$ cat upload.cif   # mmCIF, C-alpha atoms
data_query
#
loop_
_atom_site.label_atom_id
_atom_site.label_comp_id
_atom_site.auth_asym_id
_atom_site.auth_seq_id
_atom_site.Cartn_x
_atom_site.Cartn_y
_atom_site.Cartn_z
CA MET A 27 16.96 -39.24 26.26
CA ALA A 28 14.00 -41.28 25.08
CA THR A 29 12.25 -41.02 28.41
CA THR A 30 12.66 -37.25 28.38
CA LEU A 31 11.09 -37.05 24.97
CA PHE A 32 8.06 -39.07 25.88
CA ARG A 33 7.46 -37.74 29.35
CA ALA A 34 4.90 -35.22 28.15
CA VAL A 35 2.73 -37.85 26.53
CA PRO A 36 1.77 -40.50 29.09
CA SER A 37 -0.54 -42.46 26.83
CA ALA A 38 2.10 -42.53 24.12
CA ARG A 39 4.66 -43.66 26.63
CA ALA A 40 2.63 -46.72 27.51
CA ALA A 41 2.20 -47.66 23.89
CA LEU A 42 5.82 -47.04 23.06
CA ARG A 43 6.95 -49.20 25.95
CA VAL A 44 5.02 -52.10 24.46
CA GLY A 45 7.16 -51.73 21.37
CA SER A 46 10.44 -51.12 23.11
CA VAL A 47 10.44 -54.17 25.38
CA LYS A 48 9.90 -56.57 22.52
CA PRO A 49 12.95 -58.23 21.06
CA ALA A 50 14.12 -56.56 17.88
CA VAL A 51 11.46 -57.08 15.23
CA ALA A 52 12.36 -58.45 11.84
CA ALA A 53 12.73 -55.04 10.26
CA LEU A 54 15.42 -54.16 12.77
CA ALA A 55 17.21 -57.49 12.55
CA SER A 56 20.35 -55.86 11.24
CA THR A 57 20.60 -53.65 14.31
CA SER A 58 21.48 -55.21 17.63
CA PHE A 59 18.92 -54.41 20.31
CA VAL A 60 20.10 -51.62 22.51
CA ARG A 61 18.36 -50.71 25.73
CA GLY A 62 16.54 -47.41 25.30
CA LYS A 63 16.24 -47.61 21.55
CA ALA A 64 12.86 -47.06 20.02
CA THR A 65 11.56 -49.99 17.99
CA LEU A 66 8.64 -50.34 15.64
CA PRO A 67 5.64 -51.55 17.64
CA ASP A 68 4.19 -54.61 15.99
CA LEU A 69 0.49 -54.53 15.33
CA THR A 70 -0.31 -57.69 17.31
CA SER A 71 -0.25 -55.98 20.68
CA ASN A 72 -3.53 -56.55 22.53
CA SER A 73 -4.68 -52.99 22.50
CA SER A 74 -4.25 -52.46 18.79
CA ARG A 75 -6.42 -55.42 17.70
CA LEU A 76 -4.62 -55.45 14.40
CA LEU A 77 -2.66 -58.42 13.18
CA SER A 78 0.66 -57.68 11.59
CA ASP A 79 0.27 -60.72 9.35
CA ASP A 80 -3.07 -59.34 8.24
CA TYR A 81 -2.55 -55.82 7.06
CA GLY A 82 -5.90 -56.18 5.28
CA ALA A 83 -7.80 -56.10 8.59
CA LEU A 84 -9.08 -52.55 8.00
CA GLU A 85 -10.35 -53.20 4.48
CA PRO A 86 -12.29 -51.97 2.65
CA TYR A 87 -11.76 -48.64 4.43
CA ILE A 88 -7.95 -48.73 4.43
CA SER A 89 -6.32 -51.15 2.02
CA GLY A 90 -3.81 -53.81 3.09
CA LYS A 91 -1.22 -52.31 0.75
CA ILE A 92 -1.50 -48.92 2.46
CA MET A 93 -1.32 -50.45 5.94
CA GLU A 94 1.73 -52.51 5.06
CA LEU A 95 3.70 -49.63 3.53
CA HIS A 96 2.54 -47.23 6.20
CA HIS A 97 3.58 -49.46 9.08
CA LYS A 98 6.59 -51.37 7.73
CA ASN A 99 8.17 -48.55 5.73
CA HIS A 100 6.96 -45.10 6.77
CA HIS A 101 6.71 -45.76 10.52
CA GLN A 102 9.99 -47.68 10.44
CA THR A 103 11.71 -44.69 8.79
CA TYR A 104 10.56 -42.45 11.64
CA VAL A 105 11.84 -44.98 14.18
CA ASN A 106 15.21 -45.12 12.44
CA GLY A 107 15.33 -41.33 12.16
CA LEU A 108 14.47 -40.96 15.84
CA ASN A 109 17.19 -43.38 16.94
CA SER A 110 19.71 -41.67 14.72
CA ALA A 111 18.73 -38.22 16.02
CA LEU A 112 18.95 -39.44 19.64
CA GLU A 113 22.35 -40.95 19.00
CA ARG A 114 23.73 -37.84 17.33
CA ILE A 115 22.31 -35.59 20.05
CA GLY A 116 23.82 -37.89 22.66
CA GLU A 117 27.23 -37.70 21.00
CA ALA A 118 27.05 -33.92 20.67
CA THR A 119 25.99 -33.58 24.30
CA GLU A 120 28.73 -35.90 25.55
CA SER A 121 31.35 -33.91 23.73
CA GLY A 122 29.99 -30.71 25.21
CA ASN A 123 28.77 -29.40 21.85
CA GLN A 124 25.43 -27.96 22.95
CA SER A 125 24.88 -25.88 19.86
CA LYS A 126 25.31 -28.94 17.65
CA ALA A 127 22.78 -30.76 19.83
CA ALA A 128 20.34 -27.87 19.42
CA THR A 129 20.60 -27.93 15.64
CA LEU A 130 19.47 -31.56 15.73
CA ALA A 131 16.27 -30.70 17.60
CA PRO A 132 14.13 -30.39 14.42
CA LEU A 133 15.06 -33.96 13.47
CA LEU A 134 14.13 -35.15 16.95
CA ASN A 135 10.78 -33.35 16.75
CA PHE A 136 10.02 -34.68 13.26
CA HIS A 137 11.04 -38.31 13.70
CA GLY A 138 10.11 -38.51 17.37
CA GLY A 139 6.74 -36.98 16.54
CA GLY A 140 6.33 -39.40 13.63
CA HIS A 141 6.97 -42.35 15.94
CA ILE A 142 4.58 -41.08 18.64
CA ASN A 143 1.82 -40.16 16.18
CA HIS A 144 1.86 -43.44 14.26
CA THR A 145 2.04 -45.51 17.44
CA LEU A 146 -1.06 -43.75 18.76
CA PHE A 147 -2.76 -44.01 15.35
CA TRP A 148 -2.46 -47.82 15.01
CA GLU A 149 -3.91 -48.22 18.48
CA ASN A 150 -6.88 -45.98 17.84
CA LEU A 151 -7.89 -48.04 14.80
CA ALA A 152 -9.58 -51.45 14.78
CA PRO A 153 -11.31 -53.68 12.22
CA GLY A 154 -15.06 -53.17 11.89
CA ASN A 155 -15.70 -56.72 13.16
CA LYS A 156 -13.63 -56.17 16.33
CA ASP A 157 -13.87 -52.83 18.12
CA GLY A 158 -13.83 -50.57 15.09
CA GLY A 159 -16.54 -48.12 14.09
CA GLY A 160 -19.91 -47.47 15.67
CA GLU A 161 -20.33 -44.71 18.19
CA PRO A 162 -18.66 -43.95 21.48
CA ASP A 163 -20.60 -44.70 24.68
CA GLY A 164 -20.36 -44.18 28.42
CA ALA A 165 -18.22 -41.38 29.82
CA LEU A 166 -16.67 -40.70 26.41
CA LYS A 167 -20.08 -40.19 24.82
CA SER A 168 -21.10 -37.83 27.61
CA ALA A 169 -17.90 -35.84 27.23
CA ILE A 170 -18.39 -35.59 23.46
CA ASP A 171 -22.04 -34.53 23.82
CA ARG A 172 -21.07 -31.94 26.42
CA ASN A 173 -18.24 -30.44 24.35
CA PHE A 174 -19.51 -30.78 20.79
CA GLY A 175 -23.29 -31.13 21.13
CA SER A 176 -23.34 -34.54 19.48
CA PHE A 177 -21.16 -37.26 17.99
CA LYS A 178 -22.26 -36.13 14.52
CA SER A 179 -21.08 -32.63 15.24
CA LEU A 180 -17.69 -33.94 16.46
CA GLN A 181 -17.34 -35.89 13.21
CA ASN A 182 -18.12 -32.76 11.19
CA GLN A 183 -15.57 -30.72 13.10
CA VAL A 184 -12.87 -33.35 12.66
CA ASN A 185 -13.62 -33.75 8.95
CA THR A 186 -13.54 -29.98 8.43
CA ALA A 187 -10.24 -29.77 10.31
CA LEU A 188 -8.76 -32.60 8.23
CA ALA A 189 -9.88 -31.03 4.96
CA GLY A 190 -8.39 -27.70 6.00
CA ILE A 191 -4.85 -28.97 6.57
CA GLN A 192 -2.58 -27.22 4.05
CA GLY A 193 0.06 -29.84 3.38
CA SER A 194 0.91 -32.85 5.53
CA GLY A 195 -0.37 -33.21 9.06
CA TRP A 196 -2.74 -34.74 11.55
CA ALA A 197 -6.05 -33.95 13.21
CA TRP A 198 -6.55 -34.91 16.85
CA LEU A 199 -9.31 -35.08 19.36
CA VAL A 200 -7.58 -33.94 22.52
CA LYS A 201 -8.36 -33.26 26.15
CA ASP A 202 -7.21 -29.88 27.40
CA LYS A 203 -6.03 -30.78 30.91
CA ALA A 204 -6.12 -27.17 32.12
CA ALA A 205 -9.63 -26.40 30.91
CA GLY A 206 -10.98 -29.93 31.27
CA THR A 207 -12.56 -29.68 27.82
CA LEU A 208 -12.29 -31.76 24.67
CA GLN A 209 -11.09 -30.05 21.50
CA VAL A 210 -10.26 -30.77 17.88
CA VAL A 211 -6.79 -29.56 16.85
CA THR A 212 -4.54 -30.01 13.85
CA ARG A 213 -0.77 -30.36 13.79
CA ALA A 214 1.51 -29.79 10.80
CA ASN A 215 3.79 -32.55 9.50
CA GLN A 216 4.79 -34.76 12.47
CA ASP A 217 4.48 -32.22 15.25
CA PRO A 218 3.23 -34.18 18.25
CA VAL A 219 0.41 -33.06 20.52
CA THR A 220 2.07 -31.55 23.57
CA GLY A 221 1.58 -29.22 26.54
CA ASN A 222 -1.82 -29.24 28.17
CA TYR A 223 -3.26 -31.37 25.42
CA VAL A 224 -3.61 -35.12 25.83
CA PRO A 225 -4.15 -36.93 22.52
CA LEU A 226 -7.25 -39.14 22.51
CA LEU A 227 -7.78 -39.87 18.81
CA GLY A 228 -5.47 -39.15 15.88
CA ILE A 229 -6.17 -39.23 12.16
CA ASP A 230 -3.27 -39.14 9.71
CA ALA A 231 -3.84 -36.68 6.85
CA TRP A 232 -0.51 -37.26 5.10
CA GLU A 233 -1.09 -38.32 1.50
CA HIS A 234 0.74 -41.62 2.13
CA ALA A 235 -2.09 -42.54 4.53
CA TYR A 236 -4.67 -42.75 1.74
CA TYR A 237 -3.28 -41.97 -1.70
CA LEU A 238 -2.95 -45.52 -3.11
CA GLN A 239 -6.65 -46.09 -2.49
CA TYR A 240 -8.31 -42.68 -2.60
CA GLN A 241 -5.86 -40.58 -4.69
CA ASN A 242 -7.01 -36.95 -4.65
CA ARG A 243 -10.42 -37.88 -3.16
CA LYS A 244 -9.29 -37.34 0.39
CA ALA A 245 -12.77 -36.46 1.65
CA GLU A 246 -13.74 -40.09 0.94
CA TYR A 247 -10.89 -41.30 3.17
CA PHE A 248 -11.92 -38.89 5.90
CA SER A 249 -15.47 -40.22 5.91
CA ALA A 250 -14.43 -43.87 5.57
CA ILE A 251 -12.06 -43.87 8.51
CA TRP A 252 -14.90 -43.50 11.02
CA ASN A 253 -15.74 -47.14 10.27
CA VAL A 254 -12.48 -48.28 11.85
CA ILE A 255 -12.05 -45.97 14.84
CA ASN A 256 -11.39 -47.91 18.03
CA TRP A 257 -13.58 -46.11 20.57
CA LYS A 258 -12.43 -48.44 23.38
CA THR A 259 -8.91 -47.07 22.96
CA VAL A 260 -10.17 -43.49 22.85
CA ALA A 261 -12.30 -44.07 25.99
CA SER A 262 -9.37 -45.56 27.85
CA ARG A 263 -7.12 -42.64 26.89
CA LEU A 264 -9.76 -40.25 28.20
CA GLU A 265 -10.00 -42.21 31.43
CA LYS A 266 -6.26 -41.86 32.01
CA ALA A 267 -6.01 -38.25 30.83
CA MET B 2 -14.91 -4.66 -8.84
CA ALA B 3 -14.24 -7.54 -11.16
CA THR B 4 -11.62 -10.17 -10.58
CA VAL B 5 -9.81 -12.36 -13.07
CA THR B 6 -10.55 -16.06 -13.12
CA TYR B 7 -7.58 -18.35 -13.54
CA LYS B 8 -7.71 -21.40 -15.79
CA LEU B 9 -5.75 -24.64 -15.85
CA PRO B 10 -2.86 -24.23 -18.31
CA PRO B 11 -2.71 -27.14 -20.75
CA LEU B 12 0.14 -29.56 -20.11
CA PRO B 13 2.87 -28.68 -22.66
CA TYR B 14 3.34 -32.38 -23.62
CA PRO B 15 1.20 -35.56 -23.52
CA TYR B 16 0.43 -37.14 -20.12
CA ASP B 17 2.64 -40.13 -20.84
CA ALA B 18 5.54 -38.05 -22.23
CA LEU B 19 7.58 -38.15 -19.03
CA GLU B 20 7.53 -41.94 -18.66
CA PRO B 21 9.30 -43.82 -17.25
CA SER B 22 10.45 -41.03 -14.88
CA ILE B 23 6.88 -39.97 -14.06
CA SER B 24 3.93 -42.20 -14.95
CA LYS B 25 0.95 -41.16 -17.05
CA GLN B 26 -1.42 -41.86 -14.16
CA ILE B 27 0.47 -39.51 -11.86
CA MET B 28 0.52 -36.78 -14.50
CA GLU B 29 -3.22 -37.10 -15.16
CA LEU B 30 -4.17 -36.90 -11.49
CA HIS B 31 -1.59 -34.25 -10.70
CA HIS B 32 -2.56 -31.93 -13.55
CA ASP B 33 -6.30 -32.55 -14.01
CA LYS B 34 -7.22 -33.00 -10.34
CA HIS B 35 -4.66 -31.53 -7.95
CA HIS B 36 -3.71 -28.47 -10.00
CA GLN B 37 -7.35 -27.86 -10.94
CA THR B 38 -8.36 -27.96 -7.26
CA TYR B 39 -5.85 -25.23 -6.39
CA ILE B 40 -7.24 -23.09 -9.22
CA THR B 41 -10.86 -23.69 -8.24
CA ASN B 42 -10.16 -22.77 -4.61
CA LEU B 43 -8.00 -19.79 -5.63
CA ASN B 44 -10.79 -18.35 -7.78
CA LYS B 45 -13.28 -18.80 -4.94
CA ALA B 46 -10.99 -17.09 -2.45
CA LEU B 47 -10.20 -14.21 -4.85
CA GLU B 48 -13.87 -13.66 -5.55
CA ALA B 49 -14.75 -13.62 -1.85
CA SER B 50 -11.83 -11.31 -1.15
CA VAL B 51 -12.79 -8.85 -3.89
CA ALA B 52 -16.42 -8.79 -2.74
CA ALA B 53 -15.39 -8.21 0.88
CA THR B 54 -12.94 -5.48 -0.09
CA ALA B 55 -15.52 -3.72 -2.28
CA SER B 56 -18.00 -3.60 0.56
CA GLY B 57 -15.44 -2.42 3.11
CA ASN B 58 -15.35 -5.70 5.05
CA LEU B 59 -11.64 -5.83 5.73
CA HIS B 60 -12.06 -8.61 8.29
CA ASP B 61 -13.66 -10.85 5.67
CA ALA B 62 -11.05 -9.94 3.06
CA ALA B 63 -8.23 -10.69 5.52
CA ALA B 64 -9.82 -14.04 6.32
CA GLN B 65 -9.30 -15.08 2.68
CA LEU B 66 -5.55 -14.45 2.71
CA PRO B 67 -4.41 -17.91 3.85
CA ALA B 68 -6.53 -19.50 1.10
CA ILE B 69 -5.17 -17.11 -1.53
CA ARG B 70 -1.61 -17.75 -0.41
CA PHE B 71 -2.01 -21.54 -0.32
CA ASN B 72 -4.08 -22.04 -3.45
CA GLY B 73 -2.42 -19.19 -5.34
CA GLY B 74 0.94 -20.71 -4.47
CA GLY B 75 -0.30 -24.09 -5.62
CA HIS B 76 -1.37 -22.60 -8.96
CA ILE B 77 1.94 -20.74 -9.44
CA ASN B 78 4.10 -23.70 -8.41
CA HIS B 79 2.38 -26.28 -10.59
CA SER B 80 2.25 -23.92 -13.61
CA LEU B 81 6.01 -23.40 -13.37
CA PHE B 82 6.65 -27.10 -12.68
CA TRP B 83 4.96 -28.43 -15.85
CA GLU B 84 7.04 -26.02 -17.91
CA ASN B 85 10.33 -26.92 -16.29
CA LEU B 86 9.80 -30.59 -17.19
CA SER B 87 10.31 -32.08 -20.62
CA PRO B 88 10.24 -35.50 -22.29
CA ALA B 89 13.69 -37.05 -21.87
CA SER B 90 14.04 -37.50 -25.63
CA SER B 91 13.67 -33.77 -26.33
CA PRO B 92 16.75 -31.59 -26.92
CA ASP B 93 15.27 -29.30 -24.22
CA ALA B 94 16.10 -31.99 -21.63
CA GLN B 95 19.80 -31.76 -22.45
CA TRP B 96 21.97 -29.86 -20.00
CA SER B 97 23.63 -28.21 -23.02
CA ALA B 98 20.33 -26.38 -23.69
CA ALA B 99 21.25 -24.03 -20.81
CA PRO B 100 24.72 -22.59 -21.63
CA LYS B 101 24.55 -19.46 -19.46
CA LEU B 102 22.91 -21.21 -16.53
CA GLN B 103 25.39 -24.06 -16.92
CA ALA B 104 28.30 -21.64 -16.46
CA ALA B 105 26.64 -20.14 -13.39
CA ILE B 106 25.93 -23.58 -11.85
CA ASN B 107 29.50 -24.70 -12.48
CA SER B 108 30.93 -21.58 -10.90
CA THR B 109 28.58 -21.89 -7.90
CA TRP B 110 28.70 -25.61 -7.13
CA GLY B 111 31.72 -26.79 -9.13
CA SER B 112 29.87 -29.19 -11.41
CA LEU B 113 26.44 -30.38 -12.46
CA ASP B 114 26.87 -33.50 -10.32
CA LYS B 115 27.70 -31.50 -7.22
CA PHE B 116 24.70 -29.25 -7.86
CA LYS B 117 22.45 -32.30 -8.27
CA ALA B 118 23.77 -33.78 -5.03
CA ALA B 119 23.11 -30.53 -3.14
CA PHE B 120 19.64 -30.13 -4.66
CA GLY B 121 18.80 -33.78 -4.02
CA SER B 122 19.76 -33.64 -0.37
CA ALA B 123 17.70 -30.45 0.08
CA LEU B 124 14.69 -32.17 -1.51
CA LEU B 125 15.02 -35.27 0.66
CA GLY B 126 15.37 -33.13 3.79
CA ILE B 127 11.92 -31.57 3.43
CA GLN B 128 9.82 -32.52 6.46
CA GLY B 129 6.30 -32.90 5.13
CA SER B 130 4.90 -31.48 1.89
CA GLY B 131 6.81 -28.86 -0.05
CA TRP B 132 8.97 -27.89 -2.98
CA GLY B 133 12.63 -27.47 -3.77
CA TRP B 134 13.73 -24.69 -6.13
CA LEU B 135 16.82 -23.52 -7.88
CA VAL B 136 16.44 -19.75 -7.70
CA LYS B 137 18.28 -16.66 -8.84
CA GLU B 138 18.55 -13.85 -6.31
CA ALA B 139 16.98 -10.89 -8.06
CA GLU B 140 19.49 -8.35 -6.74
CA THR B 141 22.77 -10.25 -6.98
CA ASN B 142 21.96 -12.78 -9.71
CA GLN B 143 23.46 -15.45 -7.44
CA LEU B 144 22.07 -18.98 -7.61
CA ARG B 145 20.70 -20.69 -4.50
CA ILE B 146 18.77 -23.82 -3.61
CA VAL B 147 15.75 -23.20 -1.42
CA THR B 148 13.01 -25.41 -0.02
CA LEU B 149 9.55 -24.11 0.77
CA ALA B 150 6.81 -25.76 2.81
CA ASN B 151 3.44 -26.76 1.40
CA GLN B 152 2.51 -24.35 -1.42
CA GLU B 153 4.65 -21.37 -0.51
CA ALA B 154 5.86 -19.86 -3.80
CA VAL B 155 9.05 -18.15 -4.92
CA VAL B 156 7.59 -14.67 -5.42
CA VAL B 157 9.63 -12.35 -3.19
CA GLY B 158 13.28 -11.47 -3.82
CA ASP B 159 14.14 -14.53 -5.91
CA ILE B 160 13.34 -15.71 -9.42
CA PRO B 161 12.33 -19.38 -9.63
CA LEU B 162 14.28 -21.36 -12.25
CA ILE B 163 13.66 -25.07 -11.60
CA GLY B 164 11.04 -26.43 -9.21
CA VAL B 165 10.61 -29.99 -7.97
CA ASP B 166 7.37 -30.99 -6.29
CA MET B 167 7.99 -33.07 -3.16
CA TRP B 168 4.36 -33.55 -2.17
CA GLU B 169 3.66 -37.27 -1.94
CA HIS B 170 1.00 -36.96 -4.65
CA ALA B 171 3.82 -36.08 -7.10
CA TYR B 172 5.39 -39.55 -6.88
CA TYR B 173 3.59 -41.92 -4.54
CA LEU B 174 1.61 -44.03 -7.05
CA GLN B 175 4.87 -44.95 -8.78
CA TYR B 176 7.62 -44.69 -6.17
CA LEU B 177 5.68 -45.32 -2.92
CA ASN B 178 7.99 -44.47 0.00
CA GLY B 179 11.04 -44.54 -2.30
CA LYS B 180 11.25 -40.82 -2.85
CA ALA B 181 15.04 -40.89 -3.42
CA ALA B 182 14.41 -42.78 -6.68
CA TYR B 183 11.92 -40.11 -7.78
CA VAL B 184 14.52 -37.42 -7.12
CA ASP B 185 17.12 -39.40 -9.11
CA ASN B 186 14.81 -39.93 -12.06
CA ILE B 187 13.45 -36.42 -12.32
CA TRP B 188 16.82 -35.17 -13.59
CA LYS B 189 16.15 -37.04 -16.84
CA VAL B 190 13.10 -34.87 -17.51
CA ILE B 191 14.26 -31.42 -16.41
CA ASN B 192 13.65 -28.83 -19.11
CA TRP B 193 17.00 -27.01 -19.24
CA LYS B 194 15.79 -24.78 -22.07
CA THR B 195 13.03 -23.39 -19.82
CA ALA B 196 15.51 -23.00 -16.96
CA GLU B 197 17.87 -21.04 -19.21
CA ALA B 198 15.04 -18.78 -20.37
CA ARG B 199 13.97 -18.05 -16.78
CA TYR B 200 17.59 -17.32 -15.88
CA THR B 201 17.89 -14.70 -18.59
CA GLU B 202 14.42 -13.20 -19.10
CA SER B 203 12.41 -10.65 -17.11
CA ARG B 204 10.45 -11.54 -13.99
CA ASP B 205 7.14 -10.96 -15.78
CA ASP B 206 8.19 -13.38 -18.50
CA VAL B 207 9.03 -16.07 -15.94
CA PHE B 208 5.40 -15.98 -14.76
CA LYS B 209 3.80 -15.39 -18.16
CA VAL B 210 2.03 -18.77 -18.20
CA LEU B 211 -0.28 -17.49 -15.45
CA LYS B 212 -1.49 -14.49 -17.45
CA ALA B 213 -1.80 -16.58 -20.56
CA ASN B 214 -4.43 -18.72 -18.81
CA ILE B 215 -7.01 -16.29 -17.50
#

$ encode --input "upload.cif" --output "structure tokens"
Amino acid sequence: MATTLFRAVPSARAALRVGSVKPAVAALASTSFVRGKATLPDLTSNSSRLLSDDYGALEPYISGKIMELHHKNHHQTYVNGLNSALERIGEATESGNQSKAATLAPLLNFHGGGHINHTLFWENLAPGNKDGGGEPDGALKSAIDRNFGSFKSLQNQVNTALAGIQGSGWAWLVKDKAAGTLQVVTRANQDPVTGNYVPLLGIDAWEHAYYLQYQNRKAEYFSAIWNVINWKTVASRLEKA
Amino acid sequence: MATVTYKLPPLPYPYDALEPSISKQIMELHHDKHHQTYITNLNKALEASVAATASGNLHDAAAQLPAIRFNGGGHINHSLFWENLSPASSPDAQWSAAPKLQAAINSTWGSLDKFKAAFGSALLGIQGSGWGWLVKEAETNQLRIVTLANQEAVVVGDIPLIGVDMWEHAYYLQYLNGKAAYVDNIWKVINWKTAEARYTESRDDVFKVLKANI
């Protein structure tokens, strides 16, 4: 079931596998580890460059308190919701109750999307003194210049997209595999990026991603987050896309 | 063609009046900043829409509709929300302040507790930002619980009686990810007198706070 869900998102699949092969993390200690279950990726994996014992690594742009709640509580809730949805869908399917399985699809989309989106998000962030911030270079820079005119113009488009989200959601820089172009798209709530789009860079515009630090001044969060974007991760996702 | 300009309705009680259910800081930000932003953007969108309509630019008028719907909904929802809350110490916050509505809730759900459980689970099931409402169907007078995404408003077919804001900005500074506790605590500050009035009065009266602040 899990592999079916993630098949459409190769880069997510790699990241999720990092989480799923680890022994149950502390937050899941009460659940025995079951093969195929999604688990919360810890933030010490090499590609994320974040230390789970140092949630303050992205300060002053994203506070340690936000990172801790966002990772340990919000992301964990999506992981739990995904596992529960998968289990209930599995039970419904096994008992031949297809219509029951279908009614559970929104939960799978929401929690599965939440798990995919957050997993990609942690990995495309990095502290300013590691790989975070600055400007993209190499093939990624060329692709951005070709599609948006300049890095500045990409930033403006992303910030406008983020500010325009009506409610909770995400903005993504994606590669359209059919057209070969880069685009900025938004997704409501936890809808994952799917179809011809390959997610390269995601920015969480849910209020829980910034409210403790920025309150209603979300434009300040949107401009601050550029200081902690991990362009190495984005470049490597483009390479594989 | 002139358009009306909407203004922020004053909060009908002090900012700290809903403590400890809802903190003063949340109320200040929620009313002075979030609600004001919806009004500011609504007025802009209405003005642009009126100007486009007056000059026959339907395409430009149509382009304003999502902003009118979102920000107009935000203005309507928050205006109704402040009024259906009350300090816990007020007689208005007593369930007995809504005798007719009480009878209807009991006959629909069986008891206040069962209604609260049904409303609470609807609120906690919202995926993303949105609102939960107790509404009265305009044609049948039946009560229903509905949830609406983002700033969609109860303006077609139903009369809104009690609204609960489930955007994270409504509770996050105090409850963080513990939104179930926010839902539990909001029952202490529901204004049953307002709910009763909305249940019995005309549709125009339900929305009168909007016209009173132009």

$ closest_residue --input "upload.cif" --among "B:Ile160, B:Val155, B:Ile187, B:Ala99" --to "Val207 in chain B" --atoms "all atoms listed in the file"
B:Ile160

$ resolve_selection --input "upload.cif" --expression "the PyMOL selection byres ((chain B) within 10 of (chain A))" --output "list in words"
Ile27, Leu30, His31, Lys34, His35, Thr38, Pro67, Ala68, Phe71, Asn72, Gly126, Gln128, Gly129, Ser130, Gly131, Ala150, Asn151, Gln152, Trp168, Glu169, His170, Tyr173, Leu174, Gln175, Leu177, Asn178 and Gly179 of chain B

$ resolve_selection --input "upload.cif" --expression "the PyMOL selection byres ((chain A and resi 141) around 8)" --output "list in words"
His101, Tyr104, Val105, Leu108, His137, Gly138, Gly139, Gly140, Ile142, Asn143, His144 and Thr145 of chain A

$ closest_residue --input "upload.cif" --among "B:Val165, B:Val136, B:Val5, B:Ala89" --to "Glu197 in chain B" --atoms "only C-alpha atoms"
B:Val136

$ atom_distance --input "upload.cif" --atom1 "CA of Ser56 in chain B" --atom2 "CA of Gly74 in chain B"
26.0 Å

$ closest_residue --input "upload.cif" --among "B:Lys45, B:Arg70, B:Arg204, B:Lys189" --to "Asp93 in chain B" --atoms "all atoms listed in the file"
B:Lys189

$ residues_around --input "upload.cif" --residues "range 176-188 of chain A" --least-positions-apart "3" --cutoff "8 Å" --atoms "only C-alpha atoms" --output "count of residues only"
18

$ resolve_selection --input "upload.cif" --expression "the PyMOL selection byres ((chain B and resi 64) around 12)" --output "short mmCIF file (atom, residue, chain, number, x, y, z; two decimals) with C-alpha atoms, in the frame of the given file"
data_model
loop_
_atom_site.label_atom_id
_atom_site.label_comp_id
_atom_site.auth_asym_id
_atom_site.auth_seq_id
_atom_site.Cartn_x
_atom_site.Cartn_y
_atom_site.Cartn_z
CA ALA B 46 -10.99 -17.09 -2.45
CA LEU B 47 -10.20 -14.21 -4.85
CA ALA B 49 -14.75 -13.62 -1.85
CA SER B 50 -11.83 -11.31 -1.15
CA VAL B 51 -12.79 -8.85 -3.89
CA ALA B 53 -15.39 -8.21 0.88
CA THR B 54 -12.94 -5.48 -0.09
CA ASN B 58 -15.35 -5.70 5.05
CA LEU B 59 -11.64 -5.83 5.73
CA HIS B 60 -12.06 -8.61 8.29
CA ASP B 61 -13.66 -10.85 5.67
CA ALA B 62 -11.05 -9.94 3.06
CA ALA B 63 -8.23 -10.69 5.52
CA GLN B 65 -9.30 -15.08 2.68
CA LEU B 66 -5.55 -14.45 2.71
CA PRO B 67 -4.41 -17.91 3.85
CA ALA B 68 -6.53 -19.50 1.10
CA ILE B 69 -5.17 -17.11 -1.53
CA ARG B 70 -1.61 -17.75 -0.41
#

$ atom_distance --input "upload.cif" --atom1 "CA of Leu146 in chain A" --atom2 "CA of Glu85 in chain A"
19.5 Å

$ residues_around --input "upload.cif" --residues "range 106-120 of chain B" --least-positions-apart "6" --cutoff "9 Å" --atoms "only C-alpha atoms" --output "list of chain:residue names"
B:Trp96, B:Gly133, B:Trp134, B:Leu135, B:Gln143, B:Leu144, B:Arg145, B:Ile146, B:Val147, B:Asp185, B:Trp188

$ residues_around --input "upload.cif" --residues "Asp157 in chain A" --least-positions-apart "2" --cutoff "8 Å" --atoms "all atoms listed in the file" --output "list in words"
Arg75, Ala152, Pro153, Gly154, Asn155, Gly159, Val254, Ile255, Asn256, Trp257 and Lys258 of chain A

$ atom_distance --input "upload.cif" --atom1 "CA of Ser110 in chain A" --atom2 "CA of Leu134 in chain A"
8.9 Å

$ closest_residue --input "upload.cif" --among "B:Leu43, B:Leu125, B:Val190, B:Leu149" --to "Leu9 in chain B" --atoms "all atoms listed in the file"
B:Leu43

$ closest_residue --input "upload.cif" --among "B:Glu202, B:Ala196, B:Asp17, B:Ile127" --to "Met167 in chain B" --atoms "only C-alpha atoms"
B:Ile127

$ closest_residue --input "upload.cif" --among "A:Ala235, A:Ala261, A:Leu151, A:Ala204" --to "Asn222 in chain A" --atoms "all atoms listed in the file"
A:Ala204
